[in-house]
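Visitor: Next comes the structure file entry_19.cif, holding mmCIF, C-alpha atoms.
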```cif
data_start
loop_
_atom_site.label_atom_id
_atom_site.label_comp_id
_atom_site.auth_asym_id
_atom_site.auth_seq_id
_atom_site.Cartn_x
_atom_site.Cartn_y
_atom_site.Cartn_z
CA MET F 291 129.66 269.67 136.49
CA LYS F 292 132.92 271.04 135.42
CA ASN F 293 135.61 268.54 134.36
CA ILE F 294 138.73 269.56 136.01
CA LEU F 295 141.92 268.14 134.53
CA THR F 296 144.30 268.61 137.32
CA ASP F 297 148.03 268.28 136.87
CA ASP F 298 148.03 265.20 139.07
CA PHE F 299 145.33 263.60 136.99
CA LEU F 300 147.17 264.30 133.76
CA ILE F 301 150.44 262.98 135.17
CA ASP F 302 148.72 259.82 136.34
CA GLU F 303 147.08 259.40 132.97
CA ILE F 304 150.40 259.79 131.15
CA LYS F 305 152.06 257.36 133.56
CA ASN F 306 149.30 254.80 132.95
CA ARG F 307 149.53 255.12 129.20
CA PHE F 308 153.30 254.95 129.34
CA THR F 309 153.11 251.80 131.45
CA GLU F 310 150.61 250.29 129.04
CA LYS F 311 152.79 251.04 126.04
CA ASN F 312 155.82 249.79 127.85
CA ASN F 313 154.07 246.51 128.59
CA GLN F 314 153.06 246.21 124.95
CA ILE F 315 156.66 246.78 123.89
CA LEU F 316 157.88 244.19 126.38
CA GLN F 317 155.31 241.73 125.08
CA LEU F 318 156.34 242.39 121.47
CA SER F 319 159.97 242.06 122.44
CA PHE F 320 159.24 238.74 124.10
CA GLU F 321 157.35 237.54 121.01
CA LEU F 322 160.20 238.69 118.81
CA ASP F 323 162.65 236.70 120.94
CA GLU F 324 160.44 233.65 120.62
CA LEU F 325 160.29 234.06 116.84
CA ARG F 326 164.04 234.56 116.68
CA LYS F 327 164.54 231.39 118.69
CA LYS F 328 162.14 229.46 116.43
CA LEU F 329 163.93 230.77 113.36
CA PHE F 330 167.28 229.78 114.81
CA ASP F 331 165.96 226.32 115.70
CA SER F 332 164.46 225.98 112.23
CA GLU F 333 167.69 227.02 110.56
CA HIS F 334 169.65 224.68 112.79
CA LEU F 335 167.27 221.85 111.98
CA LYS F 336 167.56 222.54 108.26
CA THR F 337 171.35 222.63 108.47
CA LYS F 338 171.36 219.35 110.36
CA PHE F 339 168.94 217.89 107.85
CA LEU F 340 171.02 219.01 104.87
CA SER F 341 174.04 217.47 106.51
CA ILE F 342 172.21 214.17 106.93
CA ILE F 343 170.81 214.31 103.37
CA ARG F 344 174.26 214.98 101.98
CA ASN F 345 175.59 211.96 103.82
CA GLU F 346 172.73 209.64 102.90
CA LEU F 347 172.77 210.58 99.21
CA LYS F 348 176.51 210.95 98.67
CA ASN F 349 177.44 207.70 100.40
CA PRO F 350 175.72 205.43 97.87
CA VAL F 351 177.07 207.59 95.00
CA SER F 352 180.53 207.24 96.47
CA ALA F 353 180.22 203.46 96.68
CA ILE F 354 178.69 203.16 93.20
CA SER F 355 181.33 205.29 91.48
CA GLY F 356 184.24 203.74 93.39
CA LEU F 357 183.14 200.15 92.90
CA SER F 358 182.18 200.49 89.24
CA LYS F 359 185.56 202.01 88.42
CA LEU F 360 187.23 199.14 90.26
CA VAL F 361 185.37 196.61 88.12
CA VAL F 362 186.91 198.24 85.06
CA GLN F 363 190.42 198.71 86.47
CA LYS F 364 191.08 195.62 88.52
CA ASP F 365 191.73 192.03 87.42
CA PHE F 366 189.41 189.65 89.22
CA ASP F 367 189.96 185.94 89.80
CA SER F 368 186.42 184.98 88.93
CA VAL F 369 183.20 186.19 87.40
CA GLU F 370 181.52 185.50 90.76
CA ASP F 371 183.65 188.22 92.39
CA ILE F 372 182.57 190.69 89.72
CA LYS F 373 178.92 189.67 90.11
CA LYS F 374 179.15 190.22 93.86
CA ILE F 375 180.43 193.76 93.31
CA MET F 376 177.82 194.52 90.65
CA ASP F 377 175.13 193.32 93.03
CA THR F 378 176.47 195.62 95.76
CA ILE F 379 176.37 198.48 93.27
CA ARG F 380 172.78 197.62 92.35
CA LEU F 381 171.65 197.59 95.99
CA GLU F 382 173.32 200.96 96.62
CA ALA F 383 171.52 202.36 93.58
CA VAL F 384 168.20 201.10 94.96
CA LYS F 385 168.95 202.72 98.35
CA PHE F 386 169.88 205.95 96.65
CA ALA F 387 166.74 205.96 94.51
CA LEU F 388 164.49 205.61 97.56
CA GLN F 389 166.16 208.46 99.43
CA LEU F 390 166.11 210.62 96.32
CA ASP F 391 162.39 209.98 95.86
CA ASN F 392 161.80 211.00 99.46
CA VAL F 393 163.75 214.23 98.99
CA LEU F 394 161.95 215.10 95.75
CA ILE F 395 158.47 214.44 97.13
CA ALA F 396 159.29 216.35 100.32
CA SER F 397 160.49 219.31 98.22
CA SER F 398 157.37 219.35 96.10
CA TYR F 399 155.11 219.18 99.15
CA GLU F 400 157.13 221.95 100.79
CA GLY F 401 156.56 223.98 97.63
CA GLY F 402 152.81 223.47 97.97
CA ASP F 403 152.51 220.90 95.20
CA ASN F 404 150.63 217.93 96.62
CA ASN F 405 148.76 216.99 93.46
CA LEU F 406 147.83 213.36 93.06
CA PHE F 407 147.81 211.44 89.81
CA LEU F 408 144.86 209.13 90.39
CA SER F 409 144.18 205.81 88.75
CA GLY F 410 142.45 202.56 89.68
CA PHE F 411 144.54 199.56 90.74
CA ASP F 412 144.68 196.60 93.07
CA LEU F 413 146.27 197.56 96.40
CA CYS F 414 147.30 193.98 97.22
CA GLU F 415 149.14 193.69 93.93
CA LEU F 416 151.01 196.88 94.74
CA ILE F 417 152.08 195.49 98.12
CA TYR F 418 153.34 192.30 96.44
CA GLU F 419 155.26 194.42 93.95
CA VAL F 420 156.91 196.40 96.75
CA LYS F 421 157.80 193.22 98.65
CA ARG F 422 159.33 191.69 95.49
CA SER F 423 161.47 194.78 94.97
CA PHE F 424 162.98 194.23 98.42
CA GLU F 425 163.60 190.50 97.98
CA ASP F 426 167.40 190.74 97.79
CA GLU F 427 167.60 192.95 100.82
CA ILE F 428 165.22 190.70 102.79
CA LYS F 429 167.51 187.79 101.96
CA SER F 430 170.75 189.57 102.75
CA ARG F 431 169.40 190.83 106.10
CA GLN F 432 167.99 187.35 106.82
CA LYS F 433 164.57 188.64 107.74
CA ILE F 434 161.18 187.00 107.33
CA VAL F 435 158.43 189.04 105.71
CA GLU F 436 154.95 187.55 105.88
CA THR F 437 151.98 188.99 104.05
CA GLN F 438 148.34 188.53 104.89
CA MET F 439 145.85 190.00 102.45
CA ASP F 440 142.31 189.94 101.22
CA HIS F 441 141.89 188.76 97.64
CA GLU F 442 141.86 192.01 95.86
CA ILE F 443 141.24 195.51 97.08
CA LYS F 444 140.60 198.01 94.35
CA ILE F 445 141.61 201.52 95.16
CA TYR F 446 141.60 204.81 93.28
CA ALA F 447 144.78 206.61 94.27
CA ASP F 448 148.21 207.85 93.18
CA ARG F 449 149.91 204.51 92.56
CA GLU F 450 153.49 205.78 92.43
CA LYS F 451 153.16 207.83 95.61
CA LEU F 452 151.58 204.95 97.51
CA LYS F 453 154.38 202.70 96.24
CA LEU F 454 156.85 205.11 97.83
CA VAL F 455 154.86 205.03 101.09
CA PHE F 456 154.96 201.24 101.28
CA LYS F 457 158.63 201.13 100.28
CA ASN F 458 159.46 203.48 103.14
CA PHE F 459 157.50 201.45 105.66
CA LEU F 460 159.06 198.19 104.51
CA ASP F 461 162.53 199.76 104.45
CA ASN F 462 162.02 200.96 108.03
CA ALA F 463 160.73 197.58 109.13
CA LEU F 464 163.78 195.85 107.61
CA LYS F 465 166.11 198.24 109.40
CA PHE F 466 164.47 198.02 112.79
CA SER F 467 163.16 194.48 113.04
CA GLU F 468 164.97 191.69 114.82
CA LYS F 469 163.75 189.01 112.44
CA ASN F 470 160.05 189.12 111.70
CA ILE F 471 157.94 191.52 109.68
CA LYS F 472 154.28 191.20 108.87
CA ILE F 473 152.31 193.14 106.27
CA ILE F 474 148.53 192.90 106.60
CA VAL F 475 146.09 194.37 104.09
CA LEU F 476 142.37 194.27 104.65
CA LYS F 477 139.15 196.12 104.06
CA ARG F 478 137.50 197.87 106.97
CA LYS F 479 134.11 199.41 106.12
CA ASN F 480 134.92 202.04 103.48
CA SER F 481 138.67 201.94 103.95
CA ALA F 482 141.65 199.83 103.11
CA VAL F 483 143.97 199.28 106.05
CA VAL F 484 147.63 198.38 105.47
CA SER F 485 149.60 197.43 108.58
CA PHE F 486 153.36 197.02 108.93
CA TYR F 487 154.50 195.18 112.01
CA ASN F 488 158.08 194.49 113.05
CA ASP F 489 159.38 192.69 116.14
CA GLY F 490 162.38 194.92 116.72
CA TYR F 491 163.41 198.37 117.86
CA GLU F 492 160.71 200.00 119.92
CA ILE F 493 160.09 203.67 119.70
CA GLU F 494 160.45 205.35 123.08
CA GLU F 495 157.30 207.05 124.27
CA LYS F 496 159.04 210.43 124.49
CA ASN F 497 159.56 210.24 120.69
CA HIS F 498 156.07 209.15 119.70
CA HIS F 499 154.95 212.65 118.82
CA ARG F 500 157.93 213.12 116.46
CA ILE F 501 157.43 210.06 114.31
CA PHE F 502 155.92 211.82 111.34
CA GLU F 503 157.75 215.12 111.81
CA ARG F 504 160.00 216.68 109.22
CA PHE F 505 163.77 216.30 109.52
CA SER F 506 163.31 214.10 112.51
CA PRO F 507 165.30 210.90 112.49
CA LEU F 508 164.97 209.88 116.08
CA ASP F 509 168.71 209.69 116.38
CA SER F 510 170.37 212.35 114.30
CA GLY F 511 173.78 213.02 115.77
CA LEU F 512 177.12 211.93 114.30
CA SER F 513 176.63 208.59 115.93
CA ARG F 514 173.42 207.13 114.57
CA LYS F 515 172.20 203.65 115.07
CA TYR F 516 170.29 203.51 111.84
CA SER F 517 170.87 205.14 108.53
CA GLY F 518 168.08 207.01 106.77
CA VAL F 519 167.26 210.60 106.11
CA GLY F 520 164.47 211.05 108.59
CA LEU F 521 162.24 212.05 105.73
CA GLY F 522 160.67 208.71 105.01
CA LEU F 523 157.88 208.70 107.53
CA CYS F 524 157.26 212.41 107.15
CA VAL F 525 156.80 211.94 103.39
CA CYS F 526 154.54 208.94 104.04
CA GLY F 527 152.40 210.97 106.40
CA ALA F 528 152.04 213.78 103.87
CA ILE F 529 151.11 211.44 100.99
CA ILE F 530 148.57 209.54 103.09
CA GLU F 531 147.04 212.77 104.31
CA SER F 532 146.72 214.09 100.76
CA HIS F 533 144.75 210.93 99.95
CA GLY F 534 142.39 211.71 102.81
CA GLY F 535 143.83 208.82 104.79
CA LYS F 536 145.39 208.56 108.22
CA THR F 537 148.22 206.79 110.02
CA ASP F 538 148.55 205.35 113.45
CA PHE F 539 151.18 203.37 115.29
CA SER F 540 151.80 201.59 118.52
CA SER F 541 155.14 200.61 119.97
CA GLY F 542 156.65 199.37 123.16
CA GLN F 543 156.36 197.01 126.09
CA GLY F 544 158.10 194.17 124.33
CA SER F 545 155.58 193.93 121.55
CA GLY F 546 157.48 195.48 118.64
CA THR F 547 156.11 198.28 116.51
CA LEU F 548 152.97 198.41 114.41
CA PHE F 549 152.21 201.08 111.82
CA GLU F 550 148.69 201.26 110.42
CA ILE F 551 147.73 203.14 107.27
CA GLU F 552 144.09 203.73 106.51
CA LEU F 553 143.12 204.79 103.00
CA PRO F 554 139.59 205.68 101.93
CA LEU F 555 137.93 203.56 99.28
CA ASP F 556 135.68 205.94 97.45
CA ASP F 557 132.85 205.06 95.05
CA LYS F 558 135.17 205.05 92.09
CA SER F 559 137.36 202.36 93.63
CA GLN F 560 134.45 200.26 94.74
CA GLY F 561 132.68 200.39 91.42
CA GLU F 562 133.11 197.96 88.55
CA ALA F 563 136.72 197.44 87.57
CA ASP F 564 137.99 199.29 84.54
CA ASP F 565 138.90 197.02 81.68
CA ILE F 566 142.57 197.75 82.24
CA GLU F 567 143.95 198.82 85.59
CA SER F 568 147.22 200.53 86.31
CA GLY F 569 149.91 198.05 87.26
CA GLU F 570 153.61 197.49 87.65
CA GLY F 571 155.46 199.81 85.32
CA PHE F 572 152.43 201.42 83.69
CA ILE F 573 149.69 203.86 84.54
CA ILE F 574 146.40 203.94 82.69
CA LEU F 575 145.54 207.49 81.68
CA MET O 282 199.91 188.02 103.32
CA ASN O 283 203.25 189.83 103.34
CA SER O 284 204.07 190.60 107.00
CA SER O 285 206.05 193.65 105.99
CA MET O 286 202.95 195.23 104.46
CA LYS O 287 201.67 198.31 106.22
CA LYS O 288 198.48 197.69 108.16
CA ILE O 289 195.39 199.82 107.68
CA LEU O 290 192.14 199.86 109.64
CA PHE O 291 189.15 201.18 107.68
CA ALA O 292 186.01 202.01 109.67
CA ASP O 293 182.76 202.76 107.84
CA ASP O 294 179.19 201.60 108.47
CA SER O 295 178.54 201.20 104.71
CA PRO O 296 179.23 197.61 103.59
CA SER O 297 179.81 198.90 100.05
CA MET O 298 182.47 201.35 101.18
CA ARG O 299 184.19 198.62 103.18
CA LEU O 300 184.16 196.38 100.13
CA PHE O 301 185.49 199.21 97.98
CA ALA O 302 188.29 200.04 100.43
CA SER O 303 189.23 196.39 100.76
CA LEU O 304 189.40 195.86 97.00
CA SER O 305 191.28 199.13 96.43
CA LEU O 306 193.96 198.63 99.05
CA SER O 307 194.40 194.90 99.63
CA ASP O 308 196.96 194.43 96.81
CA GLU O 309 199.49 196.67 98.55
CA PHE O 310 198.37 196.82 102.18
CA GLU O 311 197.05 194.58 104.89
CA ILE O 312 193.57 195.98 105.45
CA ASP O 313 190.96 195.28 108.10
CA THR O 314 187.49 196.79 107.90
CA ALA O 315 185.25 197.68 110.84
CA CYS O 316 181.51 198.37 110.61
CA ASP O 317 181.40 201.03 113.32
CA GLY O 318 183.46 202.71 116.02
CA GLU O 319 182.92 199.94 118.53
CA ASP O 320 184.00 197.30 116.04
CA ALA O 321 187.10 199.36 115.21
CA LEU O 322 188.17 199.44 118.86
CA LYS O 323 187.90 195.65 119.07
CA TYR O 324 190.38 195.38 116.20
CA LEU O 325 192.66 197.93 117.83
CA LYS O 326 192.86 195.89 121.01
CA THR O 327 194.34 192.94 119.11
CA LYS O 328 196.54 194.56 116.47
CA ASP O 329 198.73 197.57 115.81
CA TYR O 330 197.97 199.61 112.71
CA ASP O 331 200.04 202.01 110.64
CA LEU O 332 197.09 204.07 109.37
CA PHE O 333 193.45 204.60 110.27
CA LEU O 334 190.73 205.62 107.82
CA VAL O 335 187.60 206.60 109.68
CA ASP O 336 184.12 207.61 108.48
CA VAL O 337 182.45 210.42 110.40
CA TYR O 338 178.84 209.25 110.62
CA MET O 339 178.81 205.84 112.24
CA PRO O 340 176.60 204.06 114.72
CA LYS O 341 177.56 203.48 118.34
CA ILE O 342 180.81 205.47 118.27
CA ASP O 343 181.08 208.17 115.62
CA GLY O 344 184.27 208.99 113.70
CA ILE O 345 185.32 212.02 115.71
CA SER O 346 184.92 210.14 119.01
CA LEU O 347 186.77 207.18 117.52
CA VAL O 348 189.73 209.41 116.64
CA LYS O 349 189.97 210.49 120.29
CA LYS O 350 189.78 206.91 121.47
CA ILE O 351 192.43 205.76 119.00
CA ARG O 352 194.76 208.42 120.40
CA GLU O 353 194.34 206.90 123.87
CA PHE O 354 196.05 203.72 122.74
CA GLU O 355 199.80 203.81 123.40
CA ASN O 356 200.73 202.32 120.02
CA SER O 357 198.39 204.60 118.06
CA ARG O 358 199.18 207.89 119.68
CA PHE O 359 201.24 209.14 116.77
CA LYS O 360 199.86 207.11 113.92
CA PRO O 361 198.12 208.97 111.08
CA ILE O 362 194.31 209.05 111.23
CA ILE O 363 192.40 210.21 108.18
CA ILE O 364 188.75 211.14 108.44
CA ILE O 365 186.52 210.24 105.50
CA SER O 366 183.35 212.19 104.99
CA THR O 367 180.86 213.43 102.43
CA GLU O 368 181.27 216.87 104.00
CA ALA O 369 183.98 219.48 103.69
CA ASP O 370 182.95 221.78 106.47
CA GLU O 371 185.29 224.04 108.48
CA SER O 372 183.52 223.29 111.75
CA LEU O 373 183.89 219.53 111.19
CA PHE O 374 187.55 219.97 110.13
CA SER O 375 188.05 221.79 113.37
CA LYS O 376 186.42 219.01 115.39
CA GLY O 377 188.58 216.46 113.60
CA ARG O 378 191.74 218.45 114.21
CA ASP O 379 190.94 218.93 117.89
CA ALA O 380 190.24 215.23 118.26
CA GLY O 381 193.68 214.43 116.85
CA ALA O 382 193.01 213.58 113.22
CA THR O 383 195.80 213.99 110.70
CA GLY O 384 193.79 214.67 107.59
CA TRP O 385 190.48 214.58 105.78
CA ILE O 386 189.31 212.92 102.56
CA VAL O 387 186.02 213.97 100.98
CA LYS O 388 183.73 211.38 99.37
CA PRO O 389 183.26 210.41 96.63
CA PHE O 390 186.71 209.28 95.59
CA ASP O 391 188.06 206.51 93.39
CA LYS O 392 190.66 203.83 93.99
CA ASP O 393 193.50 205.87 92.45
CA TYR O 394 192.78 208.84 94.68
CA LEU O 395 192.54 206.69 97.79
CA LEU O 396 195.77 204.83 97.01
CA LYS O 397 197.60 208.06 96.26
CA ALA O 398 196.44 209.64 99.51
CA VAL O 399 197.32 206.56 101.58
CA LYS O 400 200.80 206.25 100.02
CA HIS O 401 201.47 209.94 100.49
CA ILE O 402 200.56 209.68 104.17
CA LEU O 403 202.48 206.50 104.83
CA PHE O 404 205.54 206.97 102.64
CA GLY O 405 205.54 210.61 101.61
CA LYS O 406 206.04 213.81 103.50
CA GLY O 407 202.87 213.47 105.56
CA ARG O 408 203.11 212.79 109.33
#
```
Can you give me the file's structure in the form of structure tokens?

Guide:
Amino acid sequence: MKNILTDDFLIDEIKNRFTEKNNQILQLSFELDELRKKLFDSEHLKTKFLSIIRNELKNPVSAISGLSKLVVQKDFDSVEDIKKIMDTIRLEAVKFALQLDNVLIASSYEGGDNNLFLSGFDLCELIYEVKRSFEDEIKSRQKIVETQMDHEIKIYADREKLKLVFKNFLDNALKFSEKNIKIIVLKRKNSAVVSFYNDGYEIEEKNHHRIFERFSPLDSGLSRKYSGVGLGLCVCGAIIESHGGKTDFSSGQGSGTLFEIELPLDDKSQGEADDIESGEGFIIL
Amino acid sequence: MNSSMKKILFADDSPSMRLFASLSLSDEFEIDTACDGEDALKYLKTKDYDLFLVDVYMPKIDGISLVKKIREFENSRFKPIIIISTEADESLFSKGRDAGATGWIVKPFDKDYLLKAVKHILFGKGR
């Protein structure tokens, strides 16, 4: 049978191919618009984040430099007045250090460096250490922090990074609680579970999915109820994940907010204790 | 307190900054400190001020919104309002200007700088 390519057939074929290509171009154009929008949103988010970071880091620096110069320049009636100012300076330095740690860890994770420096230590001791470091703030905010722990839970993990995680959770709890905070540490099968409960600010359900997101303080406009870079929980999530752990939380309906951190206890942490474990201020190599 | 002293309202959510402002200015001025925009408005309802120093990022009512609200008060309509911020950004300057702010001070600053700026605004050529 002869194939006859009629003019009509050819025209139809060209039209069909043209339509197909046109549709592909439209689809690509649509995808390009979507990417452009995402890039714009991402840039906008980064700009907003940098603005917040600048504020949260520069504010304590501003207070520290201003107040310390005042101590030198001004005549004070009593040593108590000077002590009060020095204490304010110290607390600002502590605040600054926490935010700076968050920024540095976030940067290194963004750069693909999520290496862990592992050593064996007692998790409960670490929690006590973190709580002690917040003692002045707990007092000045008039909050009650209860701890409930098993005797000793040996874990093999990055001690300094986990310290940052627990500092962030306790810092959040102090900011958002009405009065009461509870820290519970216990063993559950092959995991250690650390829970932070506070009786205050409840996270609206519409924001639940954003809790551990980058650059996502839940209120990030000029008028913010709570200070904080919005990096804390994101950094915590990343550190816990790099340990093979997981986080969960529940909030709402008048029952406060509970964050739960589950960390695996591998064979190394459940074995016989090393003669010397890492502890406050030192890491065993 | 000398009743002829100029009165300043300083609004900032950082307790350290409020302490710093109070210590820096209280020798020569009568200074009240507010912890946020809402707190600042409560002060404004009970007292007239000669100068307002207002942080940008504050809970409840932010600095830019506070500037607008201050301008709604009869006795504050033409008083100088200085915005204090860690940022020196043209778009924020513009927002401040449109809201009715007189000037902008960038953090960090020391006592000498703050005093100099305040005196210039209140006694110098500034509005």

Visitor: Given all atoms listed in the file, how would the per-residue table for chain O near chain F read, listing every residue at most 8 Å away with its closest atom pair and distance in Å to one decimal, sorted by chain and number, as CSV?

Guide:
```
residue,atom,partner,partner_atom,distance
O:Ser295,CA,F:Asn349,CA,7.9
O:Ser297,CA,F:Ala353,CA,5.7
O:Met298,CA,F:Ala353,CA,5.5
O:Phe301,CA,F:Leu357,CA,5.7
O:Leu304,CA,F:Leu360,CA,7.8
O:Ser305,CA,F:Leu360,CA,7.4
O:Val337,CA,F:Leu512,CA,6.8
O:Tyr338,CA,F:Leu512,CA,4.9
O:Met339,CA,F:Ser513,CA,5.1
O:Pro340,CA,F:Arg514,CA,4.4
O:Lys341,CA,F:Ser513,CA,5.7
O:Ile342,CA,F:Ser513,CA,5.7
O:Asp343,CA,F:Ser513,CA,4.5
O:Gly344,CA,F:Leu512,CA,7.8
O:Ser366,CA,F:Asn345,CA,7.9
O:Thr367,CA,F:Asn345,CA,5.6
O:Glu368,CA,F:Asn345,CA,7.5
O:Lys388,CA,F:Ser352,CA,6.0
O:Pro389,CA,F:Ser352,CA,4.2
O:Phe390,CA,F:Gly356,CA,6.5
O:Asp391,CA,F:Gly356,CA,4.7
O:Lys392,CA,F:Gly356,CA,6.4
```

Visitor: Using only C-alpha atoms, which residues sit within 10 Å of Gln432 in chain F once same-chain residues fewer than 4 positions away are excluded, as a compact mmCIF listing (two decimals) with C-alpha atoms, in the frame of the given file?

Guide:
```txt
# COMPACT_ATOMS: atom_id res chain seq x y z
CA ASP F 426 167.40 190.74 97.79
CA GLU F 427 167.60 192.95 100.82
CA ILE F 428 165.22 190.70 102.79
CA LEU F 464 163.78 195.85 107.61
CA GLU F 468 164.97 191.69 114.82
CA LYS F 469 163.75 189.01 112.44
CA ASN F 470 160.05 189.12 111.70
```

Visitor: Quick check, in Å to one decimal: how far apart do CA of Asn480 in chain F and CA of Ser545 in chain F lie?

Guide: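 Between CA of Asn480 in chain F and CA of Ser545 in chain F the gap works out to 28.6 Å.
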
Visitor: As an exercise, work out the distance from CA of Lys350 in chain O to CA of Asp379 in chain O in Å and give it to one decimal place.

Guide: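 Those two atoms sit 12.6 Å apart.
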
Visitor: Name the residues captured by the PyMOL selection byres ((chain O and resi 290) around 6) when it is applied to the shown file; answer as a list in words.

Guide: Ile289, Phe291, Ile312, Asp313, Thr314 and Phe333 of chain O

Visitor: Specify as a compact mmCIF listing (two decimals) with C-alpha atoms, in the frame of the given file each residue included when the PyMOL selection byres ((chain O and resi 384) around 9) is applied to this file.

Guide:
```txt
# COMPACT_ATOMS: atom_id res chain seq x y z
CA PRO O 361 198.12 208.97 111.08
CA ILE O 362 194.31 209.05 111.23
CA ILE O 363 192.40 210.21 108.18
CA ILE O 364 188.75 211.14 108.44
CA ILE O 365 186.52 210.24 105.50
CA PHE O 374 187.55 219.97 110.13
CA GLY O 377 188.58 216.46 113.60
CA ARG O 378 191.74 218.45 114.21
CA ALA O 382 193.01 213.58 113.22
CA THR O 383 195.80 213.99 110.70
CA TRP O 385 190.48 214.58 105.78
CA ILE O 386 189.31 212.92 102.56
```

Visitor: Would you kindly return, as a short mmCIF file (atom, residue, chain, number, x, y, z; two decimals) with C-alpha atoms, in the frame of the given file, each protein, DNA or RNA residue with an atom no farther than 9 Å from any atom of Ser532 in chain F, considering all atoms listed in the file and excluding same-chain residues fewer than 2 positions away?

Guide:
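Generated output (around_21.cif):
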```
data_model
loop_
_atom_site.label_atom_id
_atom_site.label_comp_id
_atom_site.auth_asym_id
_atom_site.auth_seq_id
_atom_site.Cartn_x
_atom_site.Cartn_y
_atom_site.Cartn_z
CA ASN F 404 150.63 217.93 96.62
CA ASN F 405 148.76 216.99 93.46
CA LEU F 406 147.83 213.36 93.06
CA GLY F 527 152.40 210.97 106.40
CA ALA F 528 152.04 213.78 103.87
CA ILE F 529 151.11 211.44 100.99
CA ILE F 530 148.57 209.54 103.09
CA GLY F 534 142.39 211.71 102.81
CA GLY F 535 143.83 208.82 104.79
#
```

Visitor: Please, what distance in Å, to one decimal, runs between CA of Lys433 in chain F and CA of Phe459 in chain F?

Guide: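 One can read the CA of Lys433 in chain F to CA of Phe459 in chain F distance as 14.8 Å.
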
Visitor: Here's a test: counting all atoms listed in the file, identify every protein, DNA and RNA residue with an atom at most 12 Å from (151.9, 196.5, 97.1) in the file's coordinate frame, and state them as a PyMOL selection string.

Guide: chain F and resi 411-424+437-439+442-445+449-460+473-475+484-486+569-570

Visitor: Which neighbours of Gly381 in chain O fall inside 8 Å, counting only C-alpha atoms, when residues of the same chain fewer than 5 positions from it are skipped, and could you give them as a PyMOL selection string?

Guide: chain O and resi 348-349+352+362

Visitor: If you keep C-alpha atoms, can you produce a file of those selected residues as a short mmCIF file (atom, residue, chain, number, x, y, z; two decimals), in the coordinates of the input?

Guide:
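File selection14.cif, as written:
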```
data_model
loop_
_atom_site.label_atom_id
_atom_site.label_comp_id
_atom_site.auth_asym_id
_atom_site.auth_seq_id
_atom_site.Cartn_x
_atom_site.Cartn_y
_atom_site.Cartn_z
CA VAL O 348 189.73 209.41 116.64
CA LYS O 349 189.97 210.49 120.29
CA ARG O 352 194.76 208.42 120.40
CA ILE O 362 194.31 209.05 111.23
#
```
